[in-house]
$ cat target-v4.csv   # CSV, C-alpha atoms
chain,number,residue,atom,x,y,z
M,1,MET,CA,139.0,-271.1,-113.8
M,2,THR,CA,142.7,-270.2,-113.8
M,3,ARG,CA,145.4,-272.5,-112.5
M,4,GLU,CA,145.7,-270.4,-109.3
M,5,GLN,CA,142.0,-270.6,-108.7
M,6,ALA,CA,142.1,-274.3,-109.3
M,7,GLU,CA,144.9,-274.8,-106.8
M,8,GLN,CA,143.0,-272.7,-104.2
M,9,ALA,CA,139.8,-274.7,-104.9
M,10,LEU,CA,141.6,-278.0,-104.6
M,11,ALA,CA,143.2,-277.0,-101.2
M,12,GLU,CA,139.9,-275.7,-99.9
M,13,CYS,CA,138.0,-278.8,-101.0
M,14,ARG,CA,140.5,-281.1,-99.3
M,15,ARG,CA,140.1,-279.1,-96.0
M,16,LYS,CA,136.4,-279.6,-96.3
M,17,ILE,CA,136.7,-283.3,-96.9
M,18,ASP,CA,139.1,-283.8,-93.9
M,19,GLN,CA,136.6,-282.0,-91.6
M,20,LEU,CA,133.7,-283.9,-93.1
M,21,ASP,CA,135.5,-287.3,-92.6
M,22,LEU,CA,135.9,-286.6,-88.9
M,23,GLU,CA,132.1,-286.0,-88.7
M,24,LEU,CA,131.5,-289.2,-90.6
M,25,ARG,CA,133.8,-291.1,-88.2
M,26,ALA,CA,131.9,-289.7,-85.2
M,27,LEU,CA,128.6,-290.8,-86.6
M,28,LEU,CA,129.9,-294.3,-87.5
M,29,ASN,CA,131.3,-294.8,-84.0
M,30,ARG,CA,128.0,-293.6,-82.5
M,31,ARG,CA,126.2,-296.0,-84.8
M,32,ALA,CA,128.4,-298.9,-83.6
M,33,GLU,CA,127.7,-297.9,-79.9
M,34,ILE,CA,123.9,-298.0,-80.5
M,35,ALA,CA,124.3,-301.3,-82.3
M,36,GLU,CA,125.9,-302.7,-79.2
M,37,GLU,CA,122.9,-301.6,-77.1
M,38,ILE,CA,120.7,-303.4,-79.7
M,39,VAL,CA,122.7,-306.6,-79.3
M,40,ARG,CA,122.2,-306.5,-75.5
M,41,ALA,CA,118.5,-306.0,-75.9
M,42,LYS,CA,118.2,-308.8,-78.4
M,43,ILE,CA,120.1,-311.2,-76.1
M,44,VAL,CA,117.6,-310.5,-73.3
M,45,LEU,CA,114.7,-311.0,-75.7
M,46,GLY,CA,116.2,-314.2,-77.1
M,47,VAL,CA,116.0,-313.1,-80.7
M,48,PRO,CA,118.7,-313.6,-83.3
M,49,VAL,CA,121.3,-310.8,-83.4
M,50,ARG,CA,121.3,-310.7,-87.2
M,51,GLN,CA,117.9,-309.8,-88.7
M,52,PRO,CA,118.2,-309.6,-92.5
M,53,LYS,CA,114.7,-308.1,-92.8
M,54,ARG,CA,115.7,-305.1,-90.6
M,55,GLU,CA,118.8,-304.7,-92.6
M,56,ASP,CA,116.7,-304.5,-95.8
M,57,GLU,CA,114.5,-301.9,-94.0
M,58,VAL,CA,117.6,-299.8,-93.1
M,59,ILE,CA,118.8,-299.9,-96.8
M,60,GLY,CA,115.3,-299.0,-97.9
M,61,LYS,CA,115.1,-295.9,-95.6
M,62,VAL,CA,118.5,-294.7,-96.8
M,63,THR,CA,117.9,-295.1,-100.5
M,64,GLY,CA,114.4,-293.8,-100.4
M,65,GLU,CA,113.9,-290.0,-101.2
M,66,ASN,CA,117.6,-289.7,-101.7
M,67,PRO,CA,118.6,-286.2,-103.1
M,68,GLY,CA,122.0,-287.6,-104.4
M,69,PRO,CA,124.4,-287.2,-106.0
M,70,LEU,CA,125.2,-290.7,-104.7
M,71,GLY,CA,122.7,-293.1,-106.3
M,72,ALA,CA,120.7,-295.9,-104.5
M,73,ASP,CA,123.2,-298.6,-105.5
M,74,GLY,CA,126.2,-296.7,-104.3
M,75,LEU,CA,124.5,-295.9,-101.0
M,76,ARG,CA,123.3,-299.5,-100.6
M,77,ARG,CA,126.9,-300.8,-101.0
M,78,ILE,CA,128.3,-298.2,-98.5
M,79,PHE,CA,125.7,-299.1,-95.9
M,80,GLU,CA,126.2,-302.8,-96.4
M,81,CYS,CA,129.9,-302.2,-95.8
M,82,ILE,CA,129.1,-300.2,-92.6
M,83,MET,CA,126.7,-302.8,-91.3
M,84,GLN,CA,129.2,-305.6,-92.1
M,85,GLU,CA,132.0,-303.8,-90.1
M,86,ILE,CA,129.7,-303.2,-87.2
M,87,ARG,CA,128.6,-306.8,-87.1
M,88,GLU,CA,132.2,-307.9,-87.1
M,89,LEU,CA,132.9,-305.6,-84.1
M,90,GLU,CA,129.9,-307.1,-82.3
M,91,SER,CA,130.9,-310.6,-82.9
M,92,SER,CA,134.4,-309.9,-81.7
M,93,ARG,CA,132.9,-308.8,-78.4
M,94,LEU,CA,130.3,-311.6,-78.0
M,95,PRO,CA,131.3,-314.0,-75.2
M,96,GLU,CA,132.6,-317.2,-76.8
M,97,ASP,CA,130.2,-319.4,-74.8
M,98,LYS,CA,127.2,-317.4,-75.9
M,99,PRO,CA,126.1,-318.3,-79.4
M,100,GLU,CA,124.3,-315.6,-81.4
M,101,GLY,CA,120.7,-315.2,-80.3
M,102,THR,CA,120.9,-317.2,-77.1
M,103,PRO,CA,118.6,-315.7,-74.4
M,104,ASP,CA,120.4,-314.9,-71.2
M,105,PRO,CA,118.3,-316.0,-68.2
M,106,LYS,CA,120.3,-313.7,-65.9
M,107,GLY,CA,119.5,-310.6,-67.9
M,108,ILE,CA,122.2,-308.2,-69.0
M,109,PRO,CA,125.4,-309.8,-70.3
M,110,GLU,CA,128.5,-308.3,-68.7
M,111,TRP,CA,130.1,-307.1,-71.9
N,1,MET,CA,116.8,-305.7,-67.9
N,2,THR,CA,113.3,-307.0,-68.1
N,3,ARG,CA,111.7,-308.2,-71.4
N,4,GLU,CA,109.6,-305.0,-71.5
N,5,GLN,CA,112.7,-302.8,-71.0
N,6,ALA,CA,114.6,-304.7,-73.7
N,7,GLU,CA,111.7,-304.2,-76.1
N,8,GLN,CA,111.6,-300.5,-75.4
N,9,ALA,CA,115.4,-300.2,-75.7
N,10,LEU,CA,115.4,-302.0,-79.0
N,11,ALA,CA,112.7,-299.7,-80.5
N,12,GLU,CA,114.4,-296.6,-79.2
N,13,CYS,CA,117.8,-297.7,-80.6
N,14,ARG,CA,116.3,-298.4,-84.0
N,15,ARG,CA,114.8,-294.9,-84.0
N,16,LYS,CA,118.2,-293.5,-83.2
N,17,ILE,CA,119.9,-295.6,-86.0
N,18,ASP,CA,117.3,-294.4,-88.6
N,19,GLN,CA,117.9,-290.8,-87.7
N,20,LEU,CA,121.7,-291.2,-87.7
N,21,ASP,CA,121.6,-293.0,-91.1
N,22,LEU,CA,119.9,-290.0,-92.6
N,23,GLU,CA,122.7,-287.8,-91.2
N,24,LEU,CA,125.3,-290.2,-92.6
N,25,ARG,CA,123.6,-290.1,-96.0
N,26,ALA,CA,123.7,-286.3,-96.0
N,27,LEU,CA,127.4,-286.2,-95.2
N,28,LEU,CA,128.1,-288.9,-97.9
N,29,ASN,CA,126.2,-286.9,-100.5
N,30,ARG,CA,128.0,-283.7,-99.4
N,31,ARG,CA,131.3,-285.5,-99.7
N,32,ALA,CA,130.4,-286.7,-103.2
N,33,GLU,CA,129.6,-283.1,-104.2
N,34,ILE,CA,133.0,-281.8,-102.9
N,35,ALA,CA,134.7,-284.6,-104.7
N,36,GLU,CA,133.2,-283.4,-108.0
N,37,GLU,CA,134.6,-279.9,-107.3
N,38,ILE,CA,138.0,-281.6,-106.8
N,39,VAL,CA,137.8,-283.4,-110.1
N,40,ARG,CA,137.0,-280.1,-111.9
N,41,ALA,CA,140.1,-278.4,-110.3
N,42,LYS,CA,142.3,-281.4,-111.1
N,43,ILE,CA,141.2,-281.3,-114.8
N,44,VAL,CA,142.1,-277.6,-115.0
N,45,LEU,CA,145.5,-278.4,-113.3
N,46,GLY,CA,146.1,-281.4,-115.6
N,47,VAL,CA,146.8,-283.7,-112.7
N,48,PRO,CA,145.5,-287.3,-112.4
N,49,VAL,CA,142.0,-287.5,-110.9
N,50,ARG,CA,143.0,-290.5,-108.8
N,51,GLN,CA,145.9,-289.8,-106.4
N,52,PRO,CA,146.6,-292.9,-104.2
N,53,LYS,CA,148.9,-290.9,-101.9
N,54,ARG,CA,146.0,-288.5,-101.0
N,55,GLU,CA,143.8,-291.5,-100.4
N,56,ASP,CA,146.3,-292.9,-98.0
N,57,GLU,CA,146.4,-289.5,-96.3
N,58,VAL,CA,142.6,-289.6,-95.9
N,59,ILE,CA,142.7,-293.0,-94.3
N,60,GLY,CA,145.5,-292.0,-92.0
N,61,LYS,CA,143.5,-288.9,-90.8
N,62,VAL,CA,140.4,-291.0,-90.1
N,63,THR,CA,142.2,-293.9,-88.3
N,64,GLY,CA,144.5,-291.6,-86.3
N,65,GLU,CA,143.3,-290.6,-82.8
N,66,ASN,CA,140.2,-292.6,-83.2
N,67,PRO,CA,138.1,-293.0,-80.0
N,68,GLY,CA,136.3,-296.1,-81.3
N,69,PRO,CA,134.5,-298.4,-80.8
N,70,LEU,CA,135.2,-299.1,-84.5
N,71,GLY,CA,138.8,-300.0,-85.0
N,72,ALA,CA,141.3,-298.7,-87.5
N,73,ASP,CA,140.8,-301.7,-89.9
N,74,GLY,CA,137.0,-301.4,-89.9
N,75,LEU,CA,137.2,-297.6,-90.5
N,76,ARG,CA,139.7,-298.1,-93.3
N,77,ARG,CA,137.5,-300.6,-95.1
N,78,ILE,CA,134.4,-298.3,-94.7
N,79,PHE,CA,136.3,-295.3,-96.0
N,80,GLU,CA,137.8,-297.3,-98.9
N,81,CYS,CA,134.2,-298.3,-99.8
N,82,ILE,CA,133.0,-294.7,-99.6
N,83,MET,CA,135.9,-293.5,-101.8
N,84,GLN,CA,135.3,-296.3,-104.3
N,85,GLU,CA,131.7,-295.4,-104.7
N,86,ILE,CA,132.5,-291.7,-105.1
N,87,ARG,CA,135.1,-292.6,-107.7
N,88,GLU,CA,132.5,-294.6,-109.6
N,89,LEU,CA,130.1,-291.7,-109.5
N,90,GLU,CA,132.8,-289.4,-110.9
N,91,SER,CA,133.8,-291.7,-113.7
N,92,SER,CA,130.1,-292.1,-114.7
N,93,ARG,CA,130.0,-288.3,-115.1
N,94,LEU,CA,133.3,-287.8,-116.9
N,95,PRO,CA,132.9,-287.0,-120.6
N,96,GLU,CA,133.8,-290.0,-122.7
N,97,ASP,CA,136.3,-288.1,-124.8
N,98,LYS,CA,138.2,-286.8,-121.8
N,99,PRO,CA,140.5,-289.4,-120.3
N,100,GLU,CA,141.2,-289.2,-116.6
N,101,GLY,CA,143.8,-286.5,-115.9
N,102,THR,CA,143.7,-284.7,-119.3
N,103,PRO,CA,144.1,-281.0,-118.9
N,104,ASP,CA,141.3,-278.9,-120.4
N,105,PRO,CA,142.7,-275.9,-122.3
N,106,LYS,CA,139.3,-274.2,-122.3
N,107,GLY,CA,139.1,-274.3,-118.5
N,108,ILE,CA,136.0,-275.6,-116.6
N,109,PRO,CA,134.4,-278.7,-118.2
N,110,GLU,CA,130.7,-278.3,-118.6
N,111,TRP,CA,129.6,-281.2,-116.4
$ encode --input "target-v4.csv" --output "C-alpha cells"
Amino acid sequence: MTREQAEQALAECRRKIDQLDLELRALLNRRAEIAEEIVRAKIVLGVPVRQPKREDEVIGKVTGENPGPLGADGLRRIFECIMQEIRELESSRLPEDKPEGTPDPKGIPEW
Amino acid sequence: MTREQAEQALAECRRKIDQLDLELRALLNRRAEIAEEIVRAKIVLGVPVRQPKREDEVIGKVTGENPGPLGADGLRRIFECIMQEIRELESSRLPEDKPEGTPDPKGIPEW
C-alpha cells in the first residue's frame, strides 16, 4: 500500500463509518421507542420495569453465534451501556408519583 | 389497554428488540472491521492510531440533528463505549513490537 493509497483508504473508511453511525443511531432510537412501549405494557401488567433475567437473555442472544470481530465481552459491555442509557431515558419520563412497577388501575399512562 | 393486550404488546415488542439487536450487532461488527482497515492505513501513513479530534467529530455527527428519543448525552456515552471496545479489539491485534503510530517501511502489516 502506497501513501496515496493509504490516504484514499482512510478517507473512504471514514465516509463508511459516518454513514454506518447514522444507521446505528437510527436503530438505537428505534430500540428506545420500543422500550417505551414495553414500559407501558409492564405498568398495565403491574410487573417491575427492570427485569434482570430478561437483560441476561438479551445479552445471551447477542453474544451467541456471533461472527465477530467484536468478541462476546466487548458486545456485552456495549449492550449493557445501551440498555443503561435506555433505562435512564425511561426513568426520566416516568411520572414522579408512579414508582417503578406500580400497576395503573386506569390502564394506559398518559406519557 | 387490557391485561391481554398488554401481554401481547410485551411479547411483540420483545420479538422486535431481539431482531433489532441482531441488526445492531451486525453494524457494530462491520464498524470494527472498517476500523481495522483504518488502523492499517494509519500505520502506512505513520500517523497515531488514536486521534481524539476525529473521535470528537464522530460524536458531533451522531449527536447533531438527532431526532431522538435518545438524547445527545446518552448517544455520546453509547458511542464512546462503542469506540472504546473497538480500540481494545484493535490493540489486542496490534503486533507487540509495533508501538501505536509507528510507520511500517515495508507497507501493509500482516495482521
$ atom_distance --input "target-v4.csv" --atom1 "atom CA of M:Ile38" --atom2 "atom CA of M:Asp73"
26.4 Å
$ residues_near_point --input "target-v4.csv" --point "(127.2, -294.4, -77.0)" --cutoff "12 Å" --atoms "all atoms listed in the file" --output "ChimeraX atom specification"
/M:26-38 /N:13,16-17,67-70
$ write_last_selection --input "target-v4.csv" --atoms "C-alpha atoms" --output "tab-separated table (two decimals), in the frame of the given file"
chain	number	residue	atom	x	y	z
M	26	ALA	CA	131.90	-289.70	-85.20
M	27	LEU	CA	128.60	-290.80	-86.60
M	28	LEU	CA	129.90	-294.30	-87.50
M	29	ASN	CA	131.30	-294.80	-84.00
M	30	ARG	CA	128.00	-293.60	-82.50
M	31	ARG	CA	126.20	-296.00	-84.80
M	32	ALA	CA	128.40	-298.90	-83.60
M	33	GLU	CA	127.70	-297.90	-79.90
M	34	ILE	CA	123.90	-298.00	-80.50
M	35	ALA	CA	124.30	-301.30	-82.30
M	36	GLU	CA	125.90	-302.70	-79.20
M	37	GLU	CA	122.90	-301.60	-77.10
M	38	ILE	CA	120.70	-303.40	-79.70
N	13	CYS	CA	117.80	-297.70	-80.60
N	16	LYS	CA	118.20	-293.50	-83.20
N	17	ILE	CA	119.90	-295.60	-86.00
N	67	PRO	CA	138.10	-293.00	-80.00
N	68	GLY	CA	136.30	-296.10	-81.30
N	69	PRO	CA	134.50	-298.40	-80.80
N	70	LEU	CA	135.20	-299.10	-84.50
$ calpha_fit_and_write --input "target-v4.csv" --fixed "chain M" --moving "chain N" --output "mmCIF file with C-alpha atoms, in the coordinates of the input"
data_model
loop_
_atom_site.group_PDB
_atom_site.id
_atom_site.type_symbol
_atom_site.label_atom_id
_atom_site.label_comp_id
_atom_site.auth_asym_id
_atom_site.auth_seq_id
_atom_site.Cartn_x
_atom_site.Cartn_y
_atom_site.Cartn_z
ATOM 1 C CA MET N 1 139.099 -271.151 -113.801
ATOM 2 C CA THR N 2 142.696 -270.131 -113.762
ATOM 3 C CA ARG N 3 145.515 -272.455 -112.518
ATOM 4 C CA GLU N 4 145.779 -270.360 -109.324
ATOM 5 C CA GLN N 5 142.006 -270.618 -108.693
ATOM 6 C CA ALA N 6 142.066 -274.378 -109.300
ATOM 7 C CA GLU N 7 144.916 -274.739 -106.816
ATOM 8 C CA GLN N 8 143.050 -272.768 -104.204
ATOM 9 C CA ALA N 9 139.815 -274.698 -104.860
ATOM 10 C CA LEU N 10 141.581 -278.001 -104.540
ATOM 11 C CA ALA N 11 143.161 -277.074 -101.152
ATOM 12 C CA GLU N 12 139.910 -275.697 -99.839
ATOM 13 C CA CYS N 13 137.977 -278.833 -100.917
ATOM 14 C CA ARG N 14 140.503 -281.100 -99.248
ATOM 15 C CA ARG N 15 140.095 -279.099 -96.034
ATOM 16 C CA LYS N 16 136.368 -279.554 -96.285
ATOM 17 C CA ILE N 17 136.718 -283.373 -96.944
ATOM 18 C CA ASP N 18 139.040 -283.778 -93.877
ATOM 19 C CA GLN N 19 136.582 -282.016 -91.646
ATOM 20 C CA LEU N 20 133.596 -283.964 -93.020
ATOM 21 C CA ASP N 21 135.474 -287.299 -92.620
ATOM 22 C CA LEU N 22 135.885 -286.588 -88.950
ATOM 23 C CA GLU N 23 132.114 -285.984 -88.715
ATOM 24 C CA LEU N 24 131.467 -289.220 -90.610
ATOM 25 C CA ARG N 25 133.780 -291.097 -88.246
ATOM 26 C CA ALA N 26 131.893 -289.744 -85.236
ATOM 27 C CA LEU N 27 128.533 -290.821 -86.610
ATOM 28 C CA LEU N 28 129.976 -294.307 -87.524
ATOM 29 C CA ASN N 29 131.333 -294.749 -84.012
ATOM 30 C CA ARG N 30 128.006 -293.542 -82.540
ATOM 31 C CA ARG N 31 126.185 -296.010 -84.736
ATOM 32 C CA ALA N 32 128.474 -298.825 -83.580
ATOM 33 C CA GLU N 33 127.711 -297.918 -79.947
ATOM 34 C CA ILE N 34 123.893 -298.011 -80.545
ATOM 35 C CA ALA N 35 124.299 -301.288 -82.296
ATOM 36 C CA GLU N 36 125.895 -302.774 -79.162
ATOM 37 C CA GLU N 37 122.871 -301.588 -77.126
ATOM 38 C CA ILE N 38 120.698 -303.425 -79.695
ATOM 39 C CA VAL N 39 122.632 -306.633 -79.320
ATOM 40 C CA ARG N 40 122.232 -306.478 -75.501
ATOM 41 C CA ALA N 41 118.392 -306.040 -75.856
ATOM 42 C CA LYS N 42 118.198 -308.828 -78.438
ATOM 43 C CA ILE N 43 120.093 -311.229 -76.081
ATOM 44 C CA VAL N 44 117.640 -310.452 -73.267
ATOM 45 C CA LEU N 45 114.709 -310.998 -75.756
ATOM 46 C CA GLY N 46 116.267 -314.228 -77.095
ATOM 47 C CA VAL N 47 115.972 -313.088 -80.674
ATOM 48 C CA PRO N 48 118.684 -313.559 -83.350
ATOM 49 C CA VAL N 49 121.289 -310.774 -83.337
ATOM 50 C CA ARG N 50 121.296 -310.674 -87.132
ATOM 51 C CA GLN N 51 117.877 -309.871 -88.657
ATOM 52 C CA PRO N 52 118.155 -309.586 -92.501
ATOM 53 C CA LYS N 53 114.648 -308.099 -92.767
ATOM 54 C CA ARG N 54 115.684 -305.121 -90.523
ATOM 55 C CA GLU N 55 118.780 -304.704 -92.630
ATOM 56 C CA ASP N 56 116.692 -304.485 -95.722
ATOM 57 C CA GLU N 57 114.525 -301.920 -93.938
ATOM 58 C CA VAL N 58 117.638 -299.836 -93.176
ATOM 59 C CA ILE N 59 118.725 -299.857 -96.774
ATOM 60 C CA GLY N 60 115.275 -298.976 -97.978
ATOM 61 C CA LYS N 61 115.144 -295.926 -95.584
ATOM 62 C CA VAL N 62 118.537 -294.671 -96.775
ATOM 63 C CA THR N 63 117.912 -295.153 -100.552
ATOM 64 C CA GLY N 64 114.345 -293.796 -100.418
ATOM 65 C CA GLU N 65 113.906 -290.059 -101.150
ATOM 66 C CA ASN N 66 117.556 -289.647 -101.675
ATOM 67 C CA PRO N 67 118.617 -286.240 -103.117
ATOM 68 C CA GLY N 68 121.951 -287.570 -104.402
ATOM 69 C CA PRO N 69 124.409 -287.164 -106.007
ATOM 70 C CA LEU N 70 125.179 -290.713 -104.789
ATOM 71 C CA GLY N 71 122.736 -293.151 -106.242
ATOM 72 C CA ALA N 72 120.721 -295.856 -104.565
ATOM 73 C CA ASP N 73 123.226 -298.644 -105.545
ATOM 74 C CA GLY N 74 126.259 -296.733 -104.250
ATOM 75 C CA LEU N 75 124.454 -295.907 -100.948
ATOM 76 C CA ARG N 76 123.376 -299.515 -100.550
ATOM 77 C CA ARG N 77 126.899 -300.834 -100.978
ATOM 78 C CA ILE N 78 128.287 -298.197 -98.492
ATOM 79 C CA PHE N 79 125.635 -299.031 -95.929
ATOM 80 C CA GLU N 80 126.133 -302.799 -96.399
ATOM 81 C CA CYS N 81 129.864 -302.181 -95.719
ATOM 82 C CA ILE N 82 129.103 -300.126 -92.615
ATOM 83 C CA MET N 83 126.718 -302.817 -91.289
ATOM 84 C CA GLN N 84 129.240 -305.564 -92.028
ATOM 85 C CA GLU N 85 131.932 -303.847 -90.096
ATOM 86 C CA ILE N 86 129.618 -303.182 -87.147
ATOM 87 C CA ARG N 87 128.591 -306.825 -87.203
ATOM 88 C CA GLU N 88 132.238 -307.850 -87.067
ATOM 89 C CA LEU N 89 132.840 -305.564 -84.136
ATOM 90 C CA GLU N 90 129.879 -307.115 -82.301
ATOM 91 C CA SER N 91 130.909 -310.676 -82.925
ATOM 92 C CA SER N 92 134.467 -309.870 -81.685
ATOM 93 C CA ARG N 93 132.858 -308.742 -78.406
ATOM 94 C CA LEU N 94 130.360 -311.561 -77.964
ATOM 95 C CA PRO N 95 131.337 -314.036 -75.242
ATOM 96 C CA GLU N 96 132.590 -317.247 -76.771
ATOM 97 C CA ASP N 97 130.179 -319.411 -74.827
ATOM 98 C CA LYS N 98 127.145 -317.433 -75.914
ATOM 99 C CA PRO N 99 126.042 -318.282 -79.431
ATOM 100 C CA GLU N 100 124.340 -315.580 -81.437
ATOM 101 C CA GLY N 101 120.692 -315.258 -80.374
ATOM 102 C CA THR N 102 120.861 -317.266 -77.095
ATOM 103 C CA PRO N 103 118.660 -315.772 -74.462
ATOM 104 C CA ASP N 104 120.418 -314.871 -71.206
ATOM 105 C CA PRO N 105 118.350 -315.948 -68.185
ATOM 106 C CA LYS N 106 120.384 -313.711 -65.882
ATOM 107 C CA GLY N 107 119.548 -310.614 -67.931
ATOM 108 C CA ILE N 108 122.231 -308.104 -69.122
ATOM 109 C CA PRO N 109 125.481 -309.768 -70.303
ATOM 110 C CA GLU N 110 128.494 -308.187 -68.742
ATOM 111 C CA TRP N 111 130.182 -306.975 -71.927
#
$ closest_residue --input "target-v4.csv" --among "N:Ala11, N:Gly74, N:Arg50, N:Gly64" --to "chain M" --atoms "only C-alpha atoms"
N:Gly74
$ atom_distance --input "target-v4.csv" --atom1 "atom CA of M:Val44" --atom2 "atom CA of N:Glu4"
9.9 Å
$ closest_residue --input "target-v4.csv" --among "M:Met83, M:Leu10, M:Leu94, M:Val39" --to "M:Asp56" --atoms "all atoms listed in the file"
M:Met83
$ residues_around --input "target-v4.csv" --residues "N:Leu45" --least-positions-apart "4" --cutoff "8 Å" --atoms "only C-alpha atoms" --output "short mmCIF file (atom, residue, chain, number, x, y, z; two decimals) with C-alpha atoms, keeping the file's coordinate frame"
data_model
loop_
_atom_site.label_atom_id
_atom_site.label_comp_id
_atom_site.auth_asym_id
_atom_site.auth_seq_id
_atom_site.Cartn_x
_atom_site.Cartn_y
_atom_site.Cartn_z
CA ARG M 3 145.40 -272.50 -112.50
CA ALA M 6 142.10 -274.30 -109.30
CA GLU M 7 144.90 -274.80 -106.80
CA ALA N 41 140.10 -278.40 -110.30
CA PRO N 103 144.10 -281.00 -118.90
#
$ atom_distance --input "target-v4.csv" --atom1 "atom CA of N:Val49" --atom2 "atom CA of M:Gln5"
17.0 Å
$ closest_residue --input "target-v4.csv" --among "N:Ile43, N:Gln19, N:Met1, N:Arg93" --to "chain M" --atoms "all atoms listed in the file"
N:Met1
$ decode --input "target-v4.csv" --residues "stretch 36-100 of chain M" --atoms "C-alpha atoms" --output "PDB file, in the first residue's frame"
ATOM      1  CA  GLU M  36     -41.036   2.786  25.943  1.00  0.00           C
ATOM      2  CA  GLU M  37     -43.863   0.606  24.626  1.00  0.00           C
ATOM      3  CA  ILE M  38     -42.565  -2.193  26.833  1.00  0.00           C
ATOM      4  CA  VAL M  39     -42.683   0.040  29.914  1.00  0.00           C
ATOM      5  CA  ARG M  40     -46.318   0.954  29.156  1.00  0.00           C
ATOM      6  CA  ALA M  41     -47.244  -2.731  28.882  1.00  0.00           C
ATOM      7  CA  LYS M  42     -45.398  -3.595  32.097  1.00  0.00           C
ATOM      8  CA  ILE M  43     -47.173  -0.863  34.031  1.00  0.00           C
ATOM      9  CA  VAL M  44     -50.548  -2.219  32.892  1.00  0.00           C
ATOM     10  CA  LEU M  45     -49.443  -5.727  33.904  1.00  0.00           C
ATOM     11  CA  GLY M  46     -48.082  -4.496  37.237  1.00  0.00           C
ATOM     12  CA  VAL M  47     -44.685  -6.136  36.722  1.00  0.00           C
ATOM     13  CA  PRO M  48     -41.357  -4.449  37.531  1.00  0.00           C
ATOM     14  CA  VAL M  49     -39.986  -2.284  34.718  1.00  0.00           C
ATOM     15  CA  ARG M  50     -36.495  -3.691  35.240  1.00  0.00           C
ATOM     16  CA  GLN M  51     -36.162  -7.436  34.765  1.00  0.00           C
ATOM     17  CA  PRO M  52     -32.528  -8.548  35.090  1.00  0.00           C
ATOM     18  CA  LYS M  53     -33.368 -12.040  33.787  1.00  0.00           C
ATOM     19  CA  ARG M  54     -34.613 -10.560  30.502  1.00  0.00           C
ATOM     20  CA  GLU M  55     -31.480  -8.398  30.304  1.00  0.00           C
ATOM     21  CA  ASP M  56     -29.336 -11.539  30.647  1.00  0.00           C
ATOM     22  CA  GLU M  57     -31.404 -13.131  27.882  1.00  0.00           C
ATOM     23  CA  VAL M  58     -30.784 -10.126  25.619  1.00  0.00           C
ATOM     24  CA  ILE M  59     -27.028 -10.338  26.219  1.00  0.00           C
ATOM     25  CA  GLY M  60     -27.097 -14.100  25.613  1.00  0.00           C
ATOM     26  CA  LYS M  61     -28.843 -13.688  22.260  1.00  0.00           C
ATOM     27  CA  VAL M  62     -26.385 -11.029  21.135  1.00  0.00           C
ATOM     28  CA  THR M  63     -23.227 -12.865  22.173  1.00  0.00           C
ATOM     29  CA  GLY M  64     -24.406 -16.270  20.905  1.00  0.00           C
ATOM     30  CA  GLU M  65     -23.384 -17.314  17.383  1.00  0.00           C
ATOM     31  CA  ASN M  66     -21.510 -14.055  16.965  1.00  0.00           C
ATOM     32  CA  PRO M  67     -19.353 -13.917  13.806  1.00  0.00           C
ATOM     33  CA  GLY M  68     -17.111 -11.142  15.253  1.00  0.00           C
ATOM     34  CA  PRO M  69     -14.665  -9.492  15.018  1.00  0.00           C
ATOM     35  CA  LEU M  70     -16.061  -7.973  18.245  1.00  0.00           C
ATOM     36  CA  GLY M  71     -15.909 -10.586  20.974  1.00  0.00           C
ATOM     37  CA  ALA M  72     -18.586 -11.592  23.465  1.00  0.00           C
ATOM     38  CA  ASP M  73     -17.164  -9.423  26.272  1.00  0.00           C
ATOM     39  CA  GLY M  74     -16.995  -6.336  24.095  1.00  0.00           C
ATOM     40  CA  LEU M  75     -20.531  -6.842  22.802  1.00  0.00           C
ATOM     41  CA  ARG M  76     -21.797  -7.454  26.323  1.00  0.00           C
ATOM     42  CA  ARG M  77     -20.304  -4.168  27.549  1.00  0.00           C
ATOM     43  CA  ILE M  78     -21.713  -2.248  24.564  1.00  0.00           C
ATOM     44  CA  PHE M  79     -25.221  -3.675  25.048  1.00  0.00           C
ATOM     45  CA  GLU M  80     -25.083  -3.076  28.804  1.00  0.00           C
ATOM     46  CA  CYS M  81     -24.259   0.540  28.006  1.00  0.00           C
ATOM     47  CA  ILE M  82     -27.156   0.745  25.501  1.00  0.00           C
ATOM     48  CA  MET M  83     -29.643  -0.764  27.999  1.00  0.00           C
ATOM     49  CA  GLN M  84     -28.373   1.544  30.748  1.00  0.00           C
ATOM     50  CA  GLU M  85     -28.934   4.646  28.617  1.00  0.00           C
ATOM     51  CA  ILE M  86     -32.403   3.500  27.571  1.00  0.00           C
ATOM     52  CA  ARG M  87     -33.310   2.821  31.220  1.00  0.00           C
ATOM     53  CA  GLU M  88     -32.196   6.332  32.131  1.00  0.00           C
ATOM     54  CA  LEU M  89     -34.350   7.756  29.349  1.00  0.00           C
ATOM     55  CA  GLU M  90     -37.331   5.754  30.610  1.00  0.00           C
ATOM     56  CA  SER M  91     -36.897   6.807  34.221  1.00  0.00           C
ATOM     57  CA  SER M  92     -36.646  10.449  33.176  1.00  0.00           C
ATOM     58  CA  ARG M  93     -40.087  10.029  31.570  1.00  0.00           C
ATOM     59  CA  LEU M  94     -41.777   8.055  34.355  1.00  0.00           C
ATOM     60  CA  PRO M  95     -44.295  10.179  36.259  1.00  0.00           C
ATOM     61  CA  GLU M  96     -42.879  11.115  39.650  1.00  0.00           C
ATOM     62  CA  ASP M  97     -45.886   9.760  41.539  1.00  0.00           C
ATOM     63  CA  LYS M  98     -45.672   6.363  39.860  1.00  0.00           C
ATOM     64  CA  PRO M  99     -42.926   4.197  41.363  1.00  0.00           C
ATOM     65  CA  GLU M 100     -41.396   1.618  39.058  1.00  0.00           C
TER      66      GLU M 100
END
